[in-house]
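K.L.:
Pasting a structure here, questions to come.
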Amino acid sequence: MAERRTRVVCVVDDDESLRRSVRNLLSSVGFRVETFASAEEFLESTHRADIGCLVLDLRMAGMNGLDLLRHLAATGSRIPVIILTAHSDEEARRQSLGAGAVAFLGKPFRSDALLDAVRTALGM
Amino acid sequence: MTTALRNTGIEPVGEMPWGTHFCHFYETRDDLLETLLPFFKAGLEAGEFCAWVVSEPLTEEEVWQTLDRAVPGLDRYVSDQSIEVLKARDVYLAGGEIDLHRITSNWSAKLERALSRGYQGIRVSGNTAWLEQKHWRDFMEYEAELNRGIGDQPMVVLCTYPLTTSGATEFLDVAGTHQFAVAKRRGRWQVVETPQLTQAKAEIARLNRDLEQRVLERTTELEAAIGDQKRASEALQEAQKALAHVTRLTTISELTASLAHEVNQPLAAIVANATASLSWLDHTPPALDEAVESMQLVIRDAQRAGDVIAHARALVKKSDGEKSLVDVDQMIREVLSLVQPEVQKHAVVVEEALAEGLPPVLGDRIRLQQLVLNLIMNGIDAMAGVTARPRRLIISCERGQGEDGPGVLVGVQDAGVGAAAHDLEKLFDPFFTTKRDGLGMGLSIGRSIAQAHGGRLWARRNADHGLTFHLLLPEKSNPRV
């Protein structure tokens, strides 16, 4: 059933179909979702107070996911970050969790695993 | 001097070597013609210069008429002066005497002229019916001189003597000054051979058998060698194909992680959209529009995953060597879509400068794709350690001009570590590699692929950094081919 939330789930992925599908999945269960095609684009909107959590791709042109994760940590951001990557090797997992990510999911991921991770990140 | 045997055209004599001097005793005018017409016909047809020296019972006119009937295409031989008919008295009795040196030097001059005009040699027949008793001794001296000197000359000489005026003494004189004698009496042949000739013939036959045996042995050896060479060449081609395939698989294995990424992206999207679709249907009332849109996205992403697999399969497929018309710019775009993840992974910026509407080339699509893939992967690898400047890879495709005509020129320009000028050609040597885990076959095979298409592959140093690889493929302007 639809889950009503006020806080926004932000999705940063440079793959259009992935962005759209994650937005669709999260919207279908009632989350508010905003998508961004790059880390840089996302950084322009971090001043918003209503960001609940961030679903972040690792490998992107320009600033990559790990760089953004470290940047957020360095700037004192408290936004929980869920990593969603097609390059889900141990090294990437270790680095991501070490840099403060709250969850690390490999693509393709189970839908309920992503939904659970988002709910957890939002403290539900 | 050619050693080939000469066909005398005379049935019982058959083929004889150059330097044959023999005589013919005839009974009637028809016996004479039946011998000399085939004799000269065979000479003309074998590319010999012919001289027919006539006396009674034949006239020059009769000789021309009978020749015309017996030799097809005589006009041609006459017009190119391959044959002449001479009066016996003009040849042998100029000045009223038989001058041995004059006659032999005349024949020598004729021979020399014939050879310089491209004839293989000369064929002569002289009739002796004009001979009077007072000239007999001188003439026999001439015959003996001819018989001694003819052995190493490209000449065949047949002297004809009337049986009616030849007594036993004359017969013995004549037989003694020729290598052998033939006679035709009332249509029947007789051959009188000297012992030397019999011996020489046996020797020739033995040499011929020897020669045939040696030819046979050599032919067998050559056939075996050719067979070996053919098998070796086939094995080499197979090995080259296998090696090309291994190199291709090596490149593909480098790409495997990227391929996994390329497939996993749409798979993840499919799972998310399919789940979303079910969720939309679970709403009250069901959100049908959203559910349908989700399923449409599922279909789109499934197709995308299928395309990635199809591209990858086309690339690992073994080439069957089949050639077809290939649009080079389209082919490059396909390869670029496949290496996109690799490009991203290495933070490479690809600039495409692909001209539209280029003529197609006739080629093996799979192998050309392999070649372009290798060039692009090389460019990406060459920039792996570059941090001080953008990792820019420029892929261009335009009209080019080869030595043999117009073509399509592909350029792959990197900003990598480059190579020393003296190493530029070494890049194309087999097993030359600067990569830690490279086979060093990519560029070597790439060049052989280019050459197999009648094209060229070469490298140039850029003015600032890195290398540009140029691939020139001749265009196939005729689409019917």
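Ligands are numbered from 1 in the order shown, residues from 1 within each chain, and chains are lettered A, B, ... in the order they appear in the structure tokens.
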Could you list, as an MDAnalysis selection string, the residues of chain A having an atom within 12 Å of chain B when counting only C-alpha atoms?

P.N.:
chainID A and resid 1:3 13:31 57:64 84:89 105:115

K.L.:
Residues at most 7 Å from Val102 (chain A), counting only C-alpha atoms, excluding those fewer than 6 positions away in the same chain, as an MDAnalysis selection string?

P.N.:
chainID A and resid 80:82

K.L.:
Write to file, as a JSON list (two decimals), in the first residue's frame, the residues of the selection just made, with N, CA and C atoms.

P.N.:
```json
[["chain", "number", "residue", "atom", "x", "y", "z"],
["A", 80, "PRO", "N", 21.57, 10.19, 4.98],
["A", 80, "PRO", "CA", 21.97, 8.79, 4.82],
["A", 80, "PRO", "C", 22.10, 8.45, 3.33],
["A", 81, "VAL", "N", 23.15, 7.71, 2.98],
["A", 81, "VAL", "CA", 23.40, 7.40, 1.57],
["A", 81, "VAL", "C", 23.35, 5.88, 1.33],
["A", 82, "ILE", "N", 22.56, 5.50, 0.34],
["A", 82, "ILE", "CA", 22.48, 4.09, -0.08],
["A", 82, "ILE", "C", 23.21, 3.98, -1.42]]
```

K.L.:
Please give the complete set of residues from region 349-408 of chain B that DSSP, run on the backbone, assigns to helix (DSSP H, G or I), formatted as number ranges by chain.

P.N.:
B: 365-382

K.L.:
Determine, counting only C-alpha atoms, which protein, DNA and RNA residues have an atom within 8 Å of an atom of Gly52 (chain A); residues of the same chain fewer than 3 positions away are not included. Present the result as a count of residues only.

P.N.:
8

K.L.:
Taking the DSSP assignment computed from this structure's backbone, write out as a list in words all residues of region 1-118 of chain A that belong to strand (DSSP E).

P.N.:
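So the strand (DSSP E) residues in region 1-118 of chain A would be Val8, Val9, Cys10, Val11, Val12, Arg32, Val33, Glu34, Thr35, Phe36, Ile51, Gly52, Cys53, Leu54, Val55, Leu56, Val81, Ile82, Ile83, Leu84, Thr85, Ala103, Phe104, Leu105 and Gly106 of chain A.
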
K.L.:
For the selection you just gave me, I'd like the residues written to a file as a compact mmCIF listing (two decimals), in the first residue's frame, keeping N, CA and C atoms.

P.N.:
```
# COMPACT_ATOMS: atom_id res chain seq x y z
N VAL A 8 12.05 13.72 1.01
CA VAL A 8 12.33 13.31 -0.37
C VAL A 8 13.47 12.30 -0.43
N VAL A 9 13.27 11.29 -1.27
CA VAL A 9 14.38 10.37 -1.58
C VAL A 9 15.04 10.89 -2.85
N CYS A 10 16.34 11.20 -2.77
CA CYS A 10 17.05 11.68 -3.97
C CYS A 10 17.79 10.52 -4.63
N VAL A 11 17.68 10.44 -5.94
CA VAL A 11 18.34 9.37 -6.69
C VAL A 11 19.37 10.02 -7.63
N VAL A 12 20.64 9.65 -7.48
CA VAL A 12 21.68 10.20 -8.37
C VAL A 12 22.26 9.07 -9.20
N ARG A 32 8.22 10.28 -1.95
CA ARG A 32 8.49 11.42 -2.82
C ARG A 32 9.91 11.25 -3.35
N VAL A 33 10.07 11.40 -4.64
CA VAL A 33 11.38 11.10 -5.24
C VAL A 33 11.85 12.27 -6.13
N GLU A 34 13.13 12.57 -6.05
CA GLU A 34 13.74 13.53 -6.99
C GLU A 34 14.94 12.83 -7.63
N THR A 35 15.15 13.03 -8.92
CA THR A 35 16.30 12.35 -9.56
C THR A 35 17.29 13.39 -10.09
N PHE A 36 18.57 12.97 -10.12
CA PHE A 36 19.66 13.82 -10.60
C PHE A 36 20.58 12.99 -11.50
N ILE A 51 15.46 16.62 2.33
CA ILE A 51 16.06 15.40 1.78
C ILE A 51 16.11 14.33 2.87
N GLY A 52 15.46 13.21 2.58
CA GLY A 52 15.41 12.14 3.58
C GLY A 52 16.58 11.19 3.45
N CYS A 53 16.89 10.83 2.22
CA CYS A 53 18.06 9.96 1.99
C CYS A 53 18.47 10.06 0.53
N LEU A 54 19.65 9.47 0.25
CA LEU A 54 20.22 9.56 -1.10
C LEU A 54 20.51 8.15 -1.62
N VAL A 55 19.98 7.86 -2.82
CA VAL A 55 20.32 6.60 -3.49
C VAL A 55 21.35 6.96 -4.57
N LEU A 56 22.57 6.43 -4.44
CA LEU A 56 23.69 6.97 -5.22
C LEU A 56 24.40 5.89 -6.04
N VAL A 81 23.15 7.71 2.98
CA VAL A 81 23.40 7.40 1.57
C VAL A 81 23.35 5.88 1.33
N ILE A 82 22.56 5.50 0.34
CA ILE A 82 22.48 4.09 -0.08
C ILE A 82 23.21 3.98 -1.42
N ILE A 83 24.21 3.13 -1.46
CA ILE A 83 24.95 2.96 -2.72
C ILE A 83 24.26 1.89 -3.56
N LEU A 84 24.10 2.22 -4.84
CA LEU A 84 23.46 1.29 -5.78
C LEU A 84 24.40 1.18 -6.98
N THR A 85 25.09 0.05 -7.15
CA THR A 85 26.10 0.02 -8.20
C THR A 85 26.12 -1.30 -8.97
N ALA A 103 24.10 1.73 3.31
CA ALA A 103 23.79 0.43 2.67
C ALA A 103 24.50 0.36 1.34
N PHE A 104 24.76 -0.86 0.90
CA PHE A 104 25.47 -1.06 -0.36
C PHE A 104 24.74 -2.16 -1.13
N LEU A 105 24.13 -1.79 -2.25
CA LEU A 105 23.36 -2.77 -3.04
C LEU A 105 23.96 -2.89 -4.44
N GLY A 106 24.12 -4.14 -4.90
CA GLY A 106 24.63 -4.36 -6.26
C GLY A 106 23.47 -4.42 -7.25
```

K.L.:
Show me, as an MDAnalysis selection string, the residues that have an atom within 12 Å of Asp404 (chain B) when counting only C-alpha atoms, minus same-chain residues fewer than 3 positions from it.

P.N.:
chainID B and resid 400:401 407 454:456 472:475

K.L.:
Which distance in Å separates CA of Gly385 (chain B) and CA of Ser96 (chain A), to one decimal?

P.N.:
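Distance between the two atoms: 23.7 Å.
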